[in-house]
file final37.pdb (PDB, C-alpha atoms and all ligand atoms)
ATOM      1  CA  MET L  21     -21.272 -16.919  -5.428
ATOM      2  CA  PRO L  22     -19.957 -15.075  -8.516
ATOM      3  CA  ALA L  23     -17.525 -12.955  -6.562
ATOM      4  CA  THR L  24     -14.871 -12.479  -9.170
ATOM      5  CA  GLY L  25     -13.190  -9.759 -11.191
ATOM      6  CA  ASN L  26     -14.070  -6.107 -10.860
ATOM      7  CA  SER L  27     -17.314  -6.671  -9.021
ATOM      8  CA  VAL L  28     -15.549  -7.036  -5.675
ATOM      9  CA  ALA L  29     -14.915  -3.865  -3.693
ATOM     10  CA  ARG L  30     -12.506  -3.877  -0.794
ATOM     11  CA  GLY L  31     -12.554  -1.315   1.958
ATOM     12  CA  LEU L  32     -11.957  -0.532   5.598
ATOM     13  CA  LEU L  33     -14.794  -0.852   8.058
ATOM     14  CA  THR L  34     -15.636   1.753  10.667
ATOM     15  CA  SER L  35     -15.624   0.566  14.265
ATOM     16  CA  GLY L  36     -19.423   0.293  14.209
ATOM     17  CA  GLU L  37     -19.355  -1.816  11.077
ATOM     18  CA  SER L  38     -16.544  -3.933  12.483
ATOM     19  CA  SER L  39     -18.475  -4.834  15.591
ATOM     20  CA  ARG L  40     -21.414  -5.729  13.384
ATOM     21  CA  TYR L  41     -19.444  -8.333  11.477
ATOM     22  CA  LEU L  42     -17.103  -9.616  14.143
ATOM     23  CA  THR L  43     -18.869 -11.862  16.584
ATOM     24  CA  ASP L  44     -17.219 -12.967  19.817
ATOM     25  CA  GLY L  45     -13.815 -12.131  18.389
ATOM     26  CA  ARG L  46     -14.265 -14.564  15.510
ATOM     27  CA  LEU L  47     -14.415 -13.574  11.891
ATOM     28  CA  ASP L  48     -17.907 -13.702  10.481
ATOM     29  CA  SER L  49     -17.706 -14.299   6.760
ATOM     30  CA  ILE L  50     -21.166 -13.450   5.469
ATOM     31  CA  GLY L  51     -23.521 -10.546   5.986
ATOM     32  CA  THR L  52     -26.073  -8.588   3.970
ATOM     33  CA  PRO L  53     -25.987  -4.924   4.993
ATOM     34  CA  THR L  54     -28.039  -2.356   3.141
ATOM     35  CA  CYS L  55     -25.861  -0.433   0.744
ATOM     36  CA  ALA L  56     -25.633   3.261   1.630
ATOM     37  CA  ASP L  57     -24.909   4.352  -1.923
ATOM     38  CA  ASP L  58     -27.778   5.599  -4.080
ATOM     39  CA  TYR L  59     -26.096   4.203  -7.156
ATOM     40  CA  CYS L  60     -26.301   0.690  -5.819
ATOM     41  CA  LEU L  61     -29.993   0.784  -4.820
ATOM     42  CA  GLY L  62     -29.708  -2.642  -3.361
ATOM     43  CA  LEU L  63     -27.738  -4.896  -1.114
ATOM     44  CA  GLN L  64     -24.094  -5.389  -0.338
ATOM     45  CA  THR L  65     -22.944  -8.880   0.452
ATOM     46  CA  VAL L  66     -19.878  -9.069   2.629
ATOM     47  CA  LEU L  67     -17.787 -11.918   1.299
ATOM     48  CA  THR L  68     -14.945 -11.894   3.767
ATOM     49  CA  VAL L  69     -14.038  -9.825   6.769
ATOM     50  CA  GLN L  70     -10.453  -9.780   7.906
ATOM     51  CA  ALA L  71      -8.773  -8.033  10.788
ATOM     52  CA  ILE L  72      -5.296  -7.133  11.899
ATOM     53  CA  ARG L  73      -5.341  -5.688  15.381
ATOM     54  CA  SER L  74      -7.748  -2.754  15.288
ATOM     55  CA  ILE L  75      -7.958  -2.462  11.490
ATOM     56  CA  VAL L  76     -10.775  -4.418   9.899
ATOM     57  CA  TRP L  77     -11.628  -4.587   6.241
ATOM     58  CA  ALA L  78     -14.093  -6.393   4.045
ATOM     59  CA  ASP L  79     -14.400  -7.693   0.522
ATOM     60  CA  VAL L  80     -17.843  -6.702  -0.653
ATOM     61  CA  ILE L  81     -19.951  -7.408  -3.668
ATOM     62  CA  CYS L  82     -22.825  -5.076  -4.478
ATOM     63  CA  ARG L  83     -26.023  -6.169  -6.144
ATOM     64  CA  ASP L  84     -28.885  -4.163  -7.529
ATOM     65  CA  ARG L  85     -32.503  -5.015  -6.764
ATOM     66  CA  ALA L  86     -32.544  -7.570  -9.537
ATOM     67  CA  GLY L  87     -29.577  -9.343  -7.969
ATOM     68  CA  PHE L  88     -26.976  -8.374 -10.568
ATOM     69  CA  ALA L  89     -23.452  -7.590  -9.389
ATOM     70  CA  ARG L  90     -22.521  -3.915  -9.623
ATOM     71  CA  PRO L  91     -19.005  -2.725 -10.356
ATOM     72  CA  ALA L  92     -16.679  -1.923  -7.478
ATOM     73  CA  GLY L  93     -15.726   1.661  -6.747
ATOM     74  CA  HIS L  94     -18.785   2.936  -4.935
ATOM     75  CA  GLY L  95     -20.377   2.602  -1.518
ATOM     76  CA  ARG L  96     -19.252   3.534   1.973
ATOM     77  CA  MET L  97     -16.845   0.599   2.336
ATOM     78  CA  ASP L  98     -14.824   1.401  -0.770
ATOM     79  CA  ALA L  99     -11.417   3.000  -0.856
ATOM     80  CA  ASN L 100     -11.694   6.629  -1.873
ATOM     81  CA  GLN L 101     -10.337   6.051  -5.345
ATOM     82  CA  GLU L 102     -11.027   9.601  -6.450
ATOM     83  CA  SER L 103      -7.967  10.680  -4.516
ATOM     84  CA  PRO L 104      -4.528   9.090  -4.488
ATOM     85  CA  TYR L 105      -3.929  10.392  -0.927
ATOM     86  CA  ASN L 106      -4.440   7.888   1.873
ATOM     87  CA  PRO L 107      -6.938   5.988  -0.275
ATOM     88  CA  PHE L 108      -8.064   3.659   2.514
ATOM     89  CA  GLY L 109      -8.812   6.495   4.910
ATOM     90  CA  MET L 110      -6.318   5.436   7.554
ATOM     91  CA  ASP L 111      -6.037   7.414  10.779
ATOM     92  CA  GLU L 112      -4.479  10.797  10.001
ATOM     93  CA  SER L 113      -4.131  11.745  13.653
ATOM     94  CA  CYS L 114      -2.628   8.459  14.855
ATOM     95  CA  GLN L 115      -1.126   8.798  18.345
ATOM     96  CA  ASN L 116       0.413   5.332  18.626
ATOM     97  CA  CYS L 117       3.922   6.791  18.860
ATOM     98  CA  PRO L 118       3.670   9.804  21.194
ATOM     99  CA  GLU L 119       7.037  11.346  20.259
ATOM    100  CA  LEU L 120       6.457  11.071  16.513
ATOM    101  CA  ALA L 121       2.947  12.413  16.876
ATOM    102  CA  GLU L 122       4.523  15.528  18.415
ATOM    103  CA  THR L 123       7.235  16.071  15.824
ATOM    104  CA  ARG L 124       5.566  15.225  12.507
ATOM    105  CA  SER L 125       3.746  17.748  10.319
ATOM    106  CA  GLN L 126       1.373  15.030   9.148
ATOM    107  CA  VAL L 127       1.061  11.266   8.919
ATOM    108  CA  VAL L 128       2.294  10.182   5.484
ATOM    109  CA  HIS L 129       0.062   7.236   4.563
ATOM    110  CA  GLY L 130       0.061   5.499   1.189
ATOM    111  CA  TYR L 131      -0.410   7.368  -2.083
ATOM    112  CA  GLY L 132      -1.288   6.157  -5.561
ATOM    113  CA  ASP L 133      -3.327   3.611  -7.444
ATOM    114  CA  VAL L 134      -5.198   1.232  -5.105
ATOM    115  CA  SER L 135      -5.347  -1.434  -7.808
ATOM    116  CA  ALA L 136      -1.587  -1.213  -8.337
ATOM    117  CA  GLU L 137       0.481  -4.271  -9.095
ATOM    118  CA  PHE L 138       3.647  -2.487  -7.944
ATOM    119  CA  ALA L 139       4.055  -1.156  -4.396
ATOM    120  CA  PHE L 140       7.096   0.948  -3.512
ATOM    121  CA  VAL L 141       7.636   0.630   0.243
ATOM    122  CA  GLY L 142      10.145   2.954   1.900
ATOM    123  CA  GLY L 143      11.309   3.134   5.499
ATOM    124  CA  PHE L 144       9.915   6.424   6.814
ATOM    125  CA  PRO L 145       9.290  10.017   5.658
ATOM    126  CA  ASP L 146      12.133  12.513   5.561
ATOM    127  CA  SER L 147      11.467  16.217   6.110
ATOM    128  CA  GLY L 148      10.418  16.774   2.488
ATOM    129  CA  ALA L 149       7.855  13.961   2.477
ATOM    130  CA  ASP L 150       6.663  15.141   5.893
ATOM    131  CA  GLU L 151       6.041  18.586   4.432
ATOM    132  CA  VAL L 152       4.360  17.457   1.209
ATOM    133  CA  GLY L 153       2.499  14.486   2.703
ATOM    134  CA  ILE L 154       3.420  12.119  -0.139
ATOM    135  CA  PRO L 155       5.932   9.266   0.187
ATOM    136  CA  PHE L 156       9.285   9.715  -1.625
ATOM    137  CA  MET L 157       8.587  13.358  -2.516
ATOM    138  CA  GLY L 158      11.433  14.653  -0.338
ATOM    139  CA  ALA L 159      15.144  13.911  -0.893
ATOM    140  CA  GLY L 160      15.636  11.779  -3.996
ATOM    141  CA  ARG L 161      12.298  12.897  -5.444
ATOM    142  CA  GLU L 162      13.758  13.447  -8.915
ATOM    143  CA  THR L 163      15.337   9.992  -8.969
ATOM    144  CA  THR L 164      12.061   8.438  -7.800
ATOM    145  CA  LEU L 165      10.176  10.275 -10.545
ATOM    146  CA  GLU L 166      12.758   9.242 -13.148
ATOM    147  CA  ILE L 167      12.255   5.599 -12.161
ATOM    148  CA  LEU L 168       8.458   5.958 -12.199
ATOM    149  CA  ARG L 169       8.530   7.715 -15.569
ATOM    150  CA  GLU L 170      10.959   5.327 -17.252
ATOM    151  CA  THR L 171       8.933   2.333 -16.104
ATOM    152  CA  GLY L 172       5.648   3.836 -17.270
ATOM    153  CA  PHE L 173       4.022   4.379 -13.872
ATOM    154  CA  THR L 174       3.706   8.128 -14.374
ATOM    155  CA  ASP L 175       3.966  10.734 -17.081
ATOM    156  CA  SER L 176       3.973  13.632 -14.628
ATOM    157  CA  PRO L 177       6.726  16.217 -15.128
ATOM    158  CA  PRO L 178      10.005  15.987 -13.172
ATOM    159  CA  GLU L 179       9.227  19.061 -11.064
ATOM    160  CA  THR L 180       5.955  17.731  -9.635
ATOM    161  CA  THR L 181       5.498  16.728  -6.007
ATOM    162  CA  GLU L 182       2.101  15.183  -6.749
ATOM    163  CA  PRO L 183       2.665  12.625  -9.494
ATOM    164  CA  GLU L 184      -0.267  10.937 -11.154
ATOM    165  CA  LEU L 185       0.372   7.243 -10.749
ATOM    166  CA  ASP L 186      -0.897   4.310 -12.742
ATOM    167  CA  ASN L 187      -0.285   0.761 -11.487
ATOM    168  CA  ALA L 188       1.975   1.950  -8.677
ATOM    169  CA  VAL L 189       1.495   2.923  -5.069
ATOM    170  CA  LEU L 190       4.003   4.580  -2.733
ATOM    171  CA  THR L 191       4.044   3.946   0.994
ATOM    172  CA  TYR L 192       6.179   3.591   4.115
ATOM    173  CA  ALA L 193       6.846   1.079   6.857
ATOM    174  CA  ALA L 194       6.660   3.901   9.465
ATOM    175  CA  ARG L 195       4.691   7.031   8.602
ATOM    176  CA  CYS L 196       5.816   9.870  10.824
ATOM    177  CA  HIS L 197       8.883  12.094  10.701
ATOM    178  CA  HIS L 198      11.212  12.984  13.543
ATOM    179  CA  PRO L 199      13.678  15.764  12.733
ATOM    180  CA  GLU L 200      16.509  14.280  14.780
ATOM    181  CA  ARG L 201      16.293  10.536  14.535
ATOM    182  CA  GLU L 202      14.960   7.494  12.718
ATOM    183  CA  PRO L 203      11.891   5.683  14.100
ATOM    184  CA  THR L 204      12.744   3.169  16.800
ATOM    185  CA  GLY L 205      12.064  -0.551  16.445
ATOM    186  CA  GLU L 206       9.058  -0.090  18.682
ATOM    187  CA  GLU L 207       7.711   2.645  16.417
ATOM    188  CA  PHE L 208       8.208   0.513  13.306
ATOM    189  CA  SER L 209       6.286  -2.262  15.075
ATOM    190  CA  ALA L 210       3.512   0.127  16.081
ATOM    191  CA  CYS L 211       3.098   1.229  12.462
ATOM    192  CA  GLU L 212       3.258  -2.249  10.948
ATOM    193  CA  LEU L 213      -0.524  -2.675  10.985
ATOM    194  CA  TYR L 214      -0.950   0.143   8.467
ATOM    195  CA  LEU L 215       1.527  -1.326   6.012
ATOM    196  CA  THR L 216       0.146  -4.827   6.397
ATOM    197  CA  SER L 217      -3.395  -3.594   5.869
ATOM    198  CA  GLU L 218      -2.474  -1.550   2.797
ATOM    199  CA  LEU L 219      -0.590  -4.418   1.200
ATOM    200  CA  ARG L 220      -3.388  -6.885   1.918
ATOM    201  CA  MET L 221      -5.951  -4.538   0.383
ATOM    202  CA  ILE L 222      -3.863  -3.584  -2.629
ATOM    203  CA  ASN L 223      -2.461  -7.105  -3.054
ATOM    204  CA  PRO L 224       0.373  -6.044  -5.391
ATOM    205  CA  GLU L 225       2.407  -8.473  -7.466
ATOM    206  CA  ILE L 226       5.754  -6.796  -6.848
ATOM    207  CA  ILE L 227       6.919  -4.976  -3.732
ATOM    208  CA  VAL L 228       9.882  -2.677  -4.265
ATOM    209  CA  GLY L 229      11.580  -2.499  -0.871
ATOM    210  CA  VAL L 230      13.267   0.896  -0.776
ATOM    211  CA  GLY L 231      16.195   1.070   1.639
ATOM    212  CA  GLN L 232      17.418  -1.242   4.362
ATOM    213  CA  HIS L 233      14.710  -0.288   6.871
ATOM    214  CA  ALA L 234      11.906  -1.182   4.477
ATOM    215  CA  LEU L 235      13.492  -4.495   3.538
ATOM    216  CA  GLU L 236      13.879  -5.432   7.165
ATOM    217  CA  ALA L 237      10.270  -4.443   7.858
ATOM    218  CA  LEU L 238       9.115  -6.616   4.953
ATOM    219  CA  ALA L 239      11.292  -9.603   5.820
ATOM    220  CA  TRP L 240       9.284 -11.210   8.574
ATOM    221  CA  GLU L 241       5.820 -10.974   7.051
ATOM    222  CA  TYR L 242       6.582 -11.383   3.367
ATOM    223  CA  THR L 243       9.718 -13.512   3.001
ATOM    224  CA  THR L 244      11.227 -16.639   4.483
ATOM    225  CA  ARG L 245      14.390 -14.724   5.426
ATOM    226  CA  SER L 246      15.211 -12.992   8.656
ATOM    227  CA  ALA L 247      15.698  -9.233   8.590
ATOM    228  CA  ASP L 248      19.481  -9.420   9.005
ATOM    229  CA  GLU L 249      19.809 -11.563   5.881
ATOM    230  CA  PHE L 250      18.874  -8.613   3.667
ATOM    231  CA  ASP L 251      21.533  -6.273   2.323
ATOM    232  CA  VAL L 252      20.072  -3.586   0.093
ATOM    233  CA  GLU L 253      23.479  -2.591  -1.303
ATOM    234  CA  ALA L 254      24.268  -6.135  -2.415
ATOM    235  CA  GLU L 255      20.753  -6.962  -3.657
ATOM    236  CA  HIS L 256      19.795  -3.680  -5.323
ATOM    237  CA  ALA L 257      17.908  -4.254  -8.595
ATOM    238  CA  SER L 258      17.422  -7.987  -8.119
ATOM    239  CA  THR L 259      14.326 -10.089  -7.374
ATOM    240  CA  VAL L 260      13.791 -11.954  -4.126
ATOM    241  CA  ARG L 261      10.973 -14.474  -4.002
ATOM    242  CA  GLY L 262       8.655 -13.695  -1.107
ATOM    243  CA  ARG L 263       5.538 -15.237   0.381
ATOM    244  CA  GLY L 264       2.897 -14.289  -2.180
ATOM    245  CA  PHE L 265       4.973 -11.419  -3.567
ATOM    246  CA  GLU L 266       8.214 -10.846  -5.379
ATOM    247  CA  ILE L 267      10.404  -8.275  -3.677
ATOM    248  CA  VAL L 268      12.812  -5.975  -5.489
ATOM    249  CA  PRO L 269      15.383  -4.384  -3.152
ATOM    250  CA  MET L 270      16.244  -0.801  -4.057
ATOM    251  CA  ILE L 271      18.773   1.596  -2.550
ATOM    252  CA  GLU L 272      17.242   4.860  -1.269
ATOM    253  CA  PRO L 273      16.714   7.130  -4.313
ATOM    254  CA  ALA L 274      18.735   9.961  -2.732
ATOM    255  CA  GLU L 275      21.697   7.626  -2.300
ATOM    256  CA  GLN L 276      21.707   5.976  -5.719
ATOM    257  CA  THR L 277      24.442   6.513  -8.279
ATOM    258  CA  ASP L 278      23.321   7.039 -11.877
ATOM    259  CA  ALA L 279      24.468   3.491 -12.646
ATOM    260  CA  GLN L 280      22.329   2.102  -9.814
ATOM    261  CA  THR L 281      19.291   4.045 -11.066
ATOM    262  CA  ASP L 282      19.856   2.688 -14.580
ATOM    263  CA  ALA L 283      20.186  -0.852 -13.189
ATOM    264  CA  LEU L 284      16.942  -0.531 -11.253
ATOM    265  CA  ILE L 285      15.063   0.795 -14.290
ATOM    266  CA  GLU L 286      16.444  -2.005 -16.446
ATOM    267  CA  HIS L 287      15.452  -4.629 -13.884
ATOM    268  CA  MET L 288      11.936  -3.223 -13.564
ATOM    269  CA  LEU L 289      11.519  -3.164 -17.343
ATOM    270  CA  ASP L 290      12.603  -6.822 -17.432
ATOM    271  CA  ILE L 291       9.912  -7.615 -14.844
ATOM    272  CA  LEU L 292       7.303  -5.700 -16.831
ATOM    273  CA  ASP L 293       8.308  -7.691 -19.920
ATOM    274  CA  ARG L 294       7.703 -11.051 -18.315
ATOM    275  CA  ASP L 295       4.616 -12.698 -16.830
ATOM    276  CA  TYR L 296       4.988 -11.165 -13.393
ATOM    277  CA  ARG L 297       1.287 -11.728 -12.714
ATOM    278  CA  GLN L 298       1.616 -15.495 -12.533
ATOM    279  CA  THR L 299       1.731 -15.493  -8.731
ATOM    280  CA  LYS L 300      -1.754 -13.994  -8.420
ATOM    281  CA  GLY L 301      -3.331 -15.232 -11.623
ATOM    282  CA  ARG L 302      -4.504 -11.765 -12.694
ATOM    283  CA  ARG L 303      -5.520 -11.601 -16.294
ATOM    284  CA  GLY L 304      -4.385  -8.084 -16.939
ATOM    285  CA  ARG L 305      -5.358  -4.520 -16.313
TER     286      ARG L 305
HETATM  287  S1  LIG D   1       4.611   6.119  12.960
HETATM  288 FE1  LIG D   1       2.733   5.027  12.414
HETATM  289  S2  LIG D   1       1.967   4.121  14.346
HETATM  290 FE2  LIG D   1       3.486   5.721  14.883
HETATM  291  S3  LIG D   1       2.237   7.592  15.211
HETATM  292 FE3  LIG D   1       2.916   7.592  13.057
HETATM  293  S4  LIG D   1       1.224   6.613  11.919
HETATM  294 FE4  LIG D   1       0.950   6.117  14.098
END

call {"tool": "encode", "arguments": {"input": "final37.pdb", "output": "structure tokens"}}
result
Amino acid sequence: MPATGNSVARGLLTSGESSRYLTDGRLDSIGTPTCADDYCLGLQTVLTVQAIRSIVWADVICRDRAGFARPAGHGRMDANQESPYNPFGMDESCQNCPELAETRSQVVHGYGDVSAEFAFVGGFPDSGADEVGIPFMGAGRETTLEILRETGFTDSPPETTEPELDNAVLTYAARCHHPEREPTGEEFSACELYLTSELRMINPEIIVGVGQHALEALAWEYTTRSADEFDVEAEHASTVRGRGFEIVPMIEPAEQTDAQTDALIEHMLDILDRDYRQTKGRRGR
């Protein structure tokens, strides 16, 4: 089945679609639903269906009536790539953590380019990100934007709170703000399914782990280290080999010295200069 390159679309399934493709709790790998998009005028073939807890997504190839593959980026299962906000349509009224659901202004899901090779994963939204609804657009926003600009991921002006991103996505390990405390371990665990799902769907080459909380959240799933073996201060602007990803630890933007920002930019430019795609075999963007 010629399911390669840009012809594969990846998207979340609704609960109705999920139950259609998941049989007796086992993953069903093939289906042929009718495509709901007029552009397609044909069939979608579901190549793989994967699930983490209640989130289920599918890799889909679309074919027209003559059987030719159509480009990704359309159809009801696709990420909403017209908007950088919450591109996979994750639950914006999530109640998994009752206290956080009371105190947040909004859930701050991922933001950016869904085909990004670089994912910046922070710990949790501060009050500024909670207000704006975009990760990293609170304290340390200017440093974040400087890093994104200097590494070519944005050319948006320094004063923006809605940067246009190319090849980068911003997200958090826990997505709701509490004005008086950090999320608890239980709340980080409750939110893990969103991060895992986003990273599986985006499949970045490099994960920039921003702050100690994010590194610890990434440790178990994406590295062979335990959480307490990470020290963001000591490993800032270095590369840690992970399981399927390379991880770059980064001190919280609001806490970085100018020298630490320069070091991070230099390290990222070094990565961009080398063949960082070798782990996934991408041919380029
Ligand atoms: S922190 Fe995550 S799991 Fe908890 S309520 Fe917010 S979005 Fe839901």

call {"tool": "resolve_selection", "arguments": {"input": "final37.pdb", "expression": "the PyMOL selection byres (((not hetatm)) within 10 of (chain D and resi 1))", "output": "count of residues only"}}
result
40

call {"tool": "closest_atom_pairs", "arguments": {"input": "final37.pdb", "of": "stretch 262-283 of chain L", "to": "stretch 216-224 of chain L", "cutoff": "10 Å", "atoms": "all atoms listed in the file", "output": "CSV"}}
result
residue,atom,partner,partner_atom,distance
L:Gly264,CA,L:Asn223,CA,9.0
L:Phe265,CA,L:Pro224,CA,7.3
L:Glu266,CA,L:Pro224,CA,9.2

call {"tool": "closest_residue", "arguments": {"input": "final37.pdb", "among": "L:Glu184, L:Asp295, L:Glu255, L:Glu137", "to": "L:Gln280", "atoms": "only C-alpha atoms"}}
result
L:Glu255

call {"tool": "closest_atom_pairs", "arguments": {"input": "final37.pdb", "of": "stretch 271-299 of chain L", "to": "stretch 165-180 of chain L", "cutoff": "8 Å", "atoms": "all atoms listed in the file", "output": "CSV"}}
result
residue,atom,partner,partner_atom,distance
L:Thr281,CA,L:Ile167,CA,7.3
L:Leu284,CA,L:Ile167,CA,7.8
L:Ile285,CA,L:Ile167,CA,6.0
L:Met288,CA,L:Thr171,CA,6.8
L:Leu289,CA,L:Thr171,CA,6.2

call {"tool": "atom_distance", "arguments": {"input": "final37.pdb", "atom1": "atom CA of L:Asp290", "atom2": "atom CA of L:Ala257"}}
result
10.6 Å

call {"tool": "atom_distance", "arguments": {"input": "final37.pdb", "atom1": "atom CA of L:Pro104", "atom2": "atom CA of L:Val260"}}
result
27.9 Å

call {"tool": "atom_distance", "arguments": {"input": "final37.pdb", "atom1": "atom CA of L:Ile154", "atom2": "atom CA of L:Asp293"}}
result
28.4 Å

call {"tool": "resolve_selection", "arguments": {"input": "final37.pdb", "expression": "the PyMOL selection byres (((chain L and resi 105) around 12) and not hetatm)", "output": "ChimeraX atom specification"}}
result
/L:99-104,106-110,112,127-134,152-155,182-185,189-191

call {"tool": "closest_residue", "arguments": {"input": "final37.pdb", "among": "L:Thr277, L:Ser125, L:Ser135, L:Leu235", "to": "L:Glu151", "atoms": "all atoms listed in the file"}}
result
L:Ser125

call {"tool": "residues_around", "arguments": {"input": "final37.pdb", "residues": "L:His233", "least_positions_apart": "2", "cutoff": "9 Å", "atoms": "only C-alpha atoms", "output": "list in words"}}
result
Gly142, Gly143, Phe144, Ala193, Gly229, Val230, Gly231, Leu235, Glu236, Ala237 and Leu238 of chain L

call {"tool": "axis_aligned_box", "arguments": {"input": "final37.pdb", "around": "stretch 171-189 of chain L", "padding_each_side": "5 Å", "output": "lines of an AutoDock Vina configuration file"}}
result
center_x = 4.6
center_y = 9.9
center_z = -11.2
size_x = 20.9
size_y = 28.3
size_z = 22.2

call {"tool": "resolve_selection", "arguments": {"input": "final37.pdb", "expression": "the PyMOL selection byres (((chain L and resi 239) around 10) and not hetatm)", "output": "list of chain:residue names"}}
result
L:Gly229, L:His233, L:Ala234, L:Leu235, L:Glu236, L:Ala237, L:Leu238, L:Trp240, L:Glu241, L:Tyr242, L:Thr243, L:Thr244, L:Arg245, L:Ser246, L:Ala247, L:Asp248, L:Glu249, L:Phe250, L:Gly262, L:Arg263, L:Ile267

call {"tool": "write_last_selection", "arguments": {"input": "final37.pdb", "atoms": "C-alpha atoms", "output": "CSV table (one decimal), keeping the file's coordinate frame"}}
result
chain,number,residue,atom,x,y,z
L,229,GLY,CA,11.6,-2.5,-0.9
L,233,HIS,CA,14.7,-0.3,6.9
L,234,ALA,CA,11.9,-1.2,4.5
L,235,LEU,CA,13.5,-4.5,3.5
L,236,GLU,CA,13.9,-5.4,7.2
L,237,ALA,CA,10.3,-4.4,7.9
L,238,LEU,CA,9.1,-6.6,5.0
L,240,TRP,CA,9.3,-11.2,8.6
L,241,GLU,CA,5.8,-11.0,7.1
L,242,TYR,CA,6.6,-11.4,3.4
L,243,THR,CA,9.7,-13.5,3.0
L,244,THR,CA,11.2,-16.6,4.5
L,245,ARG,CA,14.4,-14.7,5.4
L,246,SER,CA,15.2,-13.0,8.7
L,247,ALA,CA,15.7,-9.2,8.6
L,248,ASP,CA,19.5,-9.4,9.0
L,249,GLU,CA,19.8,-11.6,5.9
L,250,PHE,CA,18.9,-8.6,3.7
L,262,GLY,CA,8.7,-13.7,-1.1
L,263,ARG,CA,5.5,-15.2,0.4
L,267,ILE,CA,10.4,-8.3,-3.7

call {"tool": "residues_around", "arguments": {"input": "final37.pdb", "residues": "L:Phe138", "least_positions_apart": "3", "cutoff": "6 Å", "atoms": "only C-alpha atoms", "output": "tab-separated table (two decimals) with C-alpha atoms, keeping the file's coordinate frame"}}
result
chain	number	residue	atom	x	y	z
L	188	ALA	CA	1.98	1.95	-8.68
L	224	PRO	CA	0.37	-6.04	-5.39
L	226	ILE	CA	5.75	-6.80	-6.85
L	227	ILE	CA	6.92	-4.98	-3.73

call {"tool": "closest_residue", "arguments": {"input": "final37.pdb", "among": "L:Arg297, L:Gly148, L:Thr163, L:Val228", "to": "L:Asp282", "atoms": "all atoms listed in the file"}}
result
L:Thr163
